[in-house]
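S.K.: Below you'll find protein_7.txt; it's compact mmCIF, N, CA and C atoms.
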```txt
# COMPACT_ATOMS: atom_id res chain seq x y z
N MET A 1 11.29 -42.31 29.07
CA MET A 1 10.72 -42.17 27.75
C MET A 1 9.55 -43.15 27.60
N LYS A 2 8.45 -42.64 27.12
CA LYS A 2 7.26 -43.44 26.95
C LYS A 2 7.28 -44.13 25.59
N GLN A 3 7.03 -45.44 25.57
CA GLN A 3 7.01 -46.19 24.33
C GLN A 3 5.63 -46.77 24.10
N ASP A 4 5.21 -46.76 22.84
CA ASP A 4 3.95 -47.39 22.49
C ASP A 4 4.17 -48.88 22.31
N LEU A 5 3.18 -49.66 22.70
CA LEU A 5 3.25 -51.10 22.59
C LEU A 5 2.03 -51.55 21.80
N SER A 6 2.26 -52.33 20.78
CA SER A 6 1.16 -52.86 19.98
C SER A 6 1.10 -54.36 20.18
N ILE A 7 -0.08 -54.85 20.55
CA ILE A 7 -0.27 -56.28 20.78
C ILE A 7 -1.43 -56.76 19.91
N THR A 8 -1.20 -57.87 19.25
CA THR A 8 -2.25 -58.49 18.47
C THR A 8 -2.58 -59.83 19.12
N PHE A 9 -3.85 -60.03 19.38
CA PHE A 9 -4.27 -61.32 19.94
C PHE A 9 -5.49 -61.79 19.17
N GLY A 10 -5.85 -63.02 19.36
CA GLY A 10 -7.00 -63.60 18.65
C GLY A 10 -8.28 -62.83 18.92
N ALA A 11 -9.35 -63.52 18.87
CA ALA A 11 -10.66 -62.92 19.08
C ALA A 11 -10.81 -62.41 20.51
N ALA A 12 -11.64 -61.40 20.66
CA ALA A 12 -11.92 -60.85 21.99
C ALA A 12 -12.61 -61.89 22.86
N TYR A 13 -13.46 -62.70 22.25
CA TYR A 13 -14.16 -63.77 22.96
C TYR A 13 -13.86 -65.09 22.26
N MET A 14 -13.68 -66.14 23.06
CA MET A 14 -13.41 -67.48 22.51
C MET A 14 -14.33 -68.49 23.18
N THR A 15 -14.76 -69.47 22.39
CA THR A 15 -15.52 -70.57 22.98
C THR A 15 -14.55 -71.40 23.83
N VAL A 16 -15.10 -72.27 24.64
CA VAL A 16 -14.27 -73.14 25.47
C VAL A 16 -13.37 -73.99 24.57
N GLU A 17 -13.91 -74.48 23.48
CA GLU A 17 -13.13 -75.32 22.55
C GLU A 17 -11.96 -74.52 21.95
N GLU A 18 -12.24 -73.29 21.49
CA GLU A 18 -11.18 -72.44 20.92
C GLU A 18 -10.11 -72.11 21.96
N TYR A 19 -10.55 -71.77 23.17
CA TYR A 19 -9.61 -71.42 24.23
C TYR A 19 -8.74 -72.62 24.60
N ALA A 20 -9.32 -73.81 24.56
CA ALA A 20 -8.56 -75.03 24.85
C ALA A 20 -7.45 -75.22 23.81
N LYS A 21 -7.76 -74.99 22.54
CA LYS A 21 -6.77 -75.13 21.49
C LYS A 21 -5.62 -74.14 21.67
N HIS A 22 -5.95 -72.90 22.00
CA HIS A 22 -4.94 -71.85 22.13
C HIS A 22 -4.12 -71.96 23.42
N SER A 23 -4.77 -72.41 24.48
CA SER A 23 -4.09 -72.44 25.78
C SER A 23 -3.41 -73.78 26.08
N GLY A 24 -3.89 -74.83 25.43
CA GLY A 24 -3.36 -76.16 25.72
C GLY A 24 -4.03 -76.81 26.93
N MET A 25 -5.01 -76.12 27.50
CA MET A 25 -5.74 -76.67 28.65
C MET A 25 -6.85 -77.60 28.16
N LYS A 26 -7.27 -78.50 29.02
CA LYS A 26 -8.39 -79.38 28.69
C LYS A 26 -9.70 -78.60 28.86
N GLU A 27 -10.70 -78.94 28.05
CA GLU A 27 -11.99 -78.26 28.11
C GLU A 27 -12.62 -78.39 29.50
N LYS A 28 -12.50 -79.54 30.11
CA LYS A 28 -13.06 -79.76 31.46
C LYS A 28 -12.42 -78.80 32.46
N THR A 29 -11.11 -78.62 32.36
CA THR A 29 -10.40 -77.71 33.27
C THR A 29 -10.88 -76.28 33.06
N ILE A 30 -11.05 -75.88 31.81
CA ILE A 30 -11.52 -74.54 31.50
C ILE A 30 -12.91 -74.32 32.08
N LYS A 31 -13.80 -75.28 31.90
CA LYS A 31 -15.15 -75.16 32.45
C LYS A 31 -15.12 -75.07 33.98
N ASP A 32 -14.24 -75.85 34.60
CA ASP A 32 -14.09 -75.77 36.06
C ASP A 32 -13.60 -74.38 36.47
N TYR A 33 -12.62 -73.84 35.76
CA TYR A 33 -12.08 -72.51 36.06
C TYR A 33 -13.15 -71.43 35.88
N VAL A 34 -13.98 -71.57 34.85
CA VAL A 34 -15.08 -70.62 34.65
C VAL A 34 -16.05 -70.70 35.82
N HIS A 35 -16.41 -71.92 36.20
CA HIS A 35 -17.34 -72.13 37.31
C HIS A 35 -16.81 -71.55 38.62
N LYS A 36 -15.49 -71.67 38.84
CA LYS A 36 -14.86 -71.15 40.05
C LYS A 36 -14.58 -69.65 39.97
N GLY A 37 -14.77 -69.06 38.79
CA GLY A 37 -14.55 -67.62 38.63
C GLY A 37 -13.11 -67.25 38.30
N TYR A 38 -12.28 -68.23 37.94
CA TYR A 38 -10.88 -67.96 37.61
C TYR A 38 -10.72 -67.37 36.21
N LEU A 39 -11.65 -67.66 35.31
CA LEU A 39 -11.61 -67.13 33.95
C LEU A 39 -12.82 -66.24 33.72
N PRO A 40 -12.60 -65.05 33.16
CA PRO A 40 -13.73 -64.16 32.89
C PRO A 40 -14.51 -64.63 31.66
N ILE A 41 -15.82 -64.47 31.72
CA ILE A 41 -16.65 -64.84 30.58
C ILE A 41 -17.53 -63.66 30.19
N ARG A 42 -18.07 -63.73 29.00
CA ARG A 42 -19.01 -62.71 28.54
C ARG A 42 -20.30 -62.88 29.30
N LYS A 43 -20.85 -61.78 29.76
CA LYS A 43 -22.11 -61.84 30.49
C LYS A 43 -23.19 -62.43 29.59
N LYS A 44 -23.96 -63.33 30.15
CA LYS A 44 -25.03 -63.96 29.39
C LYS A 44 -26.25 -63.06 29.37
N THR A 45 -26.82 -62.88 28.18
CA THR A 45 -28.00 -62.04 28.06
C THR A 45 -29.28 -62.87 28.03
N ILE A 46 -29.13 -64.17 27.81
CA ILE A 46 -30.28 -65.07 27.78
C ILE A 46 -30.43 -65.70 29.16
N THR A 47 -31.61 -65.55 29.76
CA THR A 47 -31.82 -66.15 31.07
C THR A 47 -32.71 -67.39 30.92
N GLY A 48 -32.44 -68.38 31.73
CA GLY A 48 -33.26 -69.58 31.73
C GLY A 48 -32.95 -70.55 30.61
N LYS A 49 -32.01 -70.22 29.74
CA LYS A 49 -31.64 -71.11 28.65
C LYS A 49 -30.14 -71.36 28.69
N ARG A 50 -29.74 -72.49 28.16
CA ARG A 50 -28.32 -72.78 28.06
C ARG A 50 -27.76 -71.98 26.88
N SER A 51 -26.63 -71.38 27.08
CA SER A 51 -25.99 -70.66 25.99
C SER A 51 -24.51 -71.00 25.97
N ILE A 52 -23.85 -70.63 24.91
CA ILE A 52 -22.43 -70.94 24.75
C ILE A 52 -21.62 -70.08 25.71
N ILE A 53 -20.65 -70.71 26.37
CA ILE A 53 -19.74 -69.99 27.26
C ILE A 53 -18.68 -69.34 26.38
N LEU A 54 -18.52 -68.03 26.52
CA LEU A 54 -17.50 -67.30 25.78
C LEU A 54 -16.48 -66.73 26.76
N ILE A 55 -15.24 -67.19 26.64
CA ILE A 55 -14.15 -66.71 27.49
C ILE A 55 -13.78 -65.31 27.02
N ASN A 56 -13.68 -64.37 27.96
CA ASN A 56 -13.34 -62.98 27.63
C ASN A 56 -11.81 -62.86 27.54
N ASN A 57 -11.29 -63.16 26.36
CA ASN A 57 -9.85 -63.13 26.11
C ASN A 57 -9.30 -61.70 26.23
N ALA A 58 -10.07 -60.71 25.82
CA ALA A 58 -9.62 -59.31 25.91
C ALA A 58 -9.39 -58.91 27.37
N ALA A 59 -10.24 -59.37 28.27
CA ALA A 59 -10.08 -59.06 29.70
C ALA A 59 -8.82 -59.72 30.25
N LEU A 60 -8.52 -60.92 29.78
CA LEU A 60 -7.31 -61.60 30.23
C LEU A 60 -6.05 -60.87 29.76
N VAL A 61 -6.06 -60.39 28.52
CA VAL A 61 -4.92 -59.64 28.00
C VAL A 61 -4.76 -58.33 28.77
N ALA A 62 -5.87 -57.63 29.00
CA ALA A 62 -5.82 -56.36 29.75
C ALA A 62 -5.31 -56.60 31.17
N GLU A 63 -5.73 -57.69 31.80
CA GLU A 63 -5.26 -58.01 33.15
C GLU A 63 -3.76 -58.28 33.16
N ALA A 64 -3.30 -59.03 32.17
CA ALA A 64 -1.87 -59.34 32.08
C ALA A 64 -1.05 -58.07 31.87
N LEU A 65 -1.53 -57.17 31.05
CA LEU A 65 -0.82 -55.92 30.81
C LEU A 65 -0.86 -55.00 32.02
N ALA A 66 -1.97 -55.03 32.75
CA ALA A 66 -2.09 -54.17 33.92
C ALA A 66 -1.08 -54.56 35.00
N ASP A 67 -0.71 -55.82 35.04
CA ASP A 67 0.30 -56.28 35.99
C ASP A 67 1.65 -55.64 35.73
N ARG A 68 1.86 -55.19 34.49
CA ARG A 68 3.12 -54.54 34.12
C ARG A 68 3.04 -53.02 34.29
N SER A 69 1.92 -52.51 34.75
CA SER A 69 1.67 -51.09 35.01
C SER A 69 1.73 -50.15 33.82
N PRO A 70 1.35 -50.58 32.61
CA PRO A 70 1.28 -49.60 31.52
C PRO A 70 -0.08 -48.90 31.53
N THR A 71 -0.21 -47.86 30.78
CA THR A 71 -1.50 -47.23 30.57
C THR A 71 -2.18 -48.00 29.44
N ILE A 72 -3.40 -48.45 29.69
CA ILE A 72 -4.09 -49.27 28.70
C ILE A 72 -5.27 -48.49 28.14
N ASN A 73 -5.32 -48.36 26.82
CA ASN A 73 -6.44 -47.74 26.14
C ASN A 73 -7.08 -48.79 25.25
N ILE A 74 -8.32 -49.15 25.59
CA ILE A 74 -9.02 -50.19 24.82
C ILE A 74 -10.15 -49.54 24.06
```
Translate this structure into structure tokens?
M.R.:
Amino acid sequence: MKQDLSITFGAAYMTVEEYAKHSGMKEKTIKDYVHKGYLPIRKKTITGKRSIILINNAALVAEALADRSPTINI
């Protein structure tokens, strides 16, 4: 029998500071993980300038759900 699952999570994108508050990780660790490619970020549209790093929280939720093999409709 197929069951629907409803999940509510914070914002689709979070700043490093927001993600640190929600995850309990240190900001330095998060920045290191982003640099190493362990955490997905929003693609930057500004080239040559510094911009805010936005963690793609929606991608992390989708990845976690995909590990459980459900059908995901986003």
S.K.: I need the residue nearest Thr15 of chain A from this list: A:Leu54, A:Ile30, A:Leu39, A:Val61. Use only C-alpha atoms for the distance.
M.R.: A:Leu54
S.K.: Report as number ranges by chain all protein, DNA and RNA residues lying within 8 Å of Ile41 of chain A, evaluated on all atoms listed in the file, omitting residues in the same chain fewer than 3 positions from it.
M.R.: A: 13, 34, 37-38, 44, 53-57
S.K.: So which one's closest to Pro40 of chain A, A:Ala20, A:Ile7, A:Leu60, A:Ala66? Using all atoms listed in the file, please.
M.R.: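 The answer is A:Leu60, which sits nearest to Pro40 of chain A.
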S.K.: One decimal, Å: what's the distance from atom CA of Met25 of chain A over to atom CA of Glu63 of chain A, could you say?
M.R.: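 So the two atoms, atom CA of Met25 of chain A and atom CA of Glu63 of chain A, lie 19.2 Å apart.
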S.K.: Which distance in Å separates atom CA of Ala58 of chain A and atom CA of Gly10 of chain A, to one decimal?
M.R.: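 These two atoms are separated by 8.8 Å.
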S.K.: I'd like the interatomic distance between atom CA of Leu65 of chain A and atom CA of Ala12 of chain A, to a tenth of an Å.
M.R.: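 Atom-to-atom, atom CA of Leu65 of chain A to atom CA of Ala12 of chain A, that is 15.0 Å.
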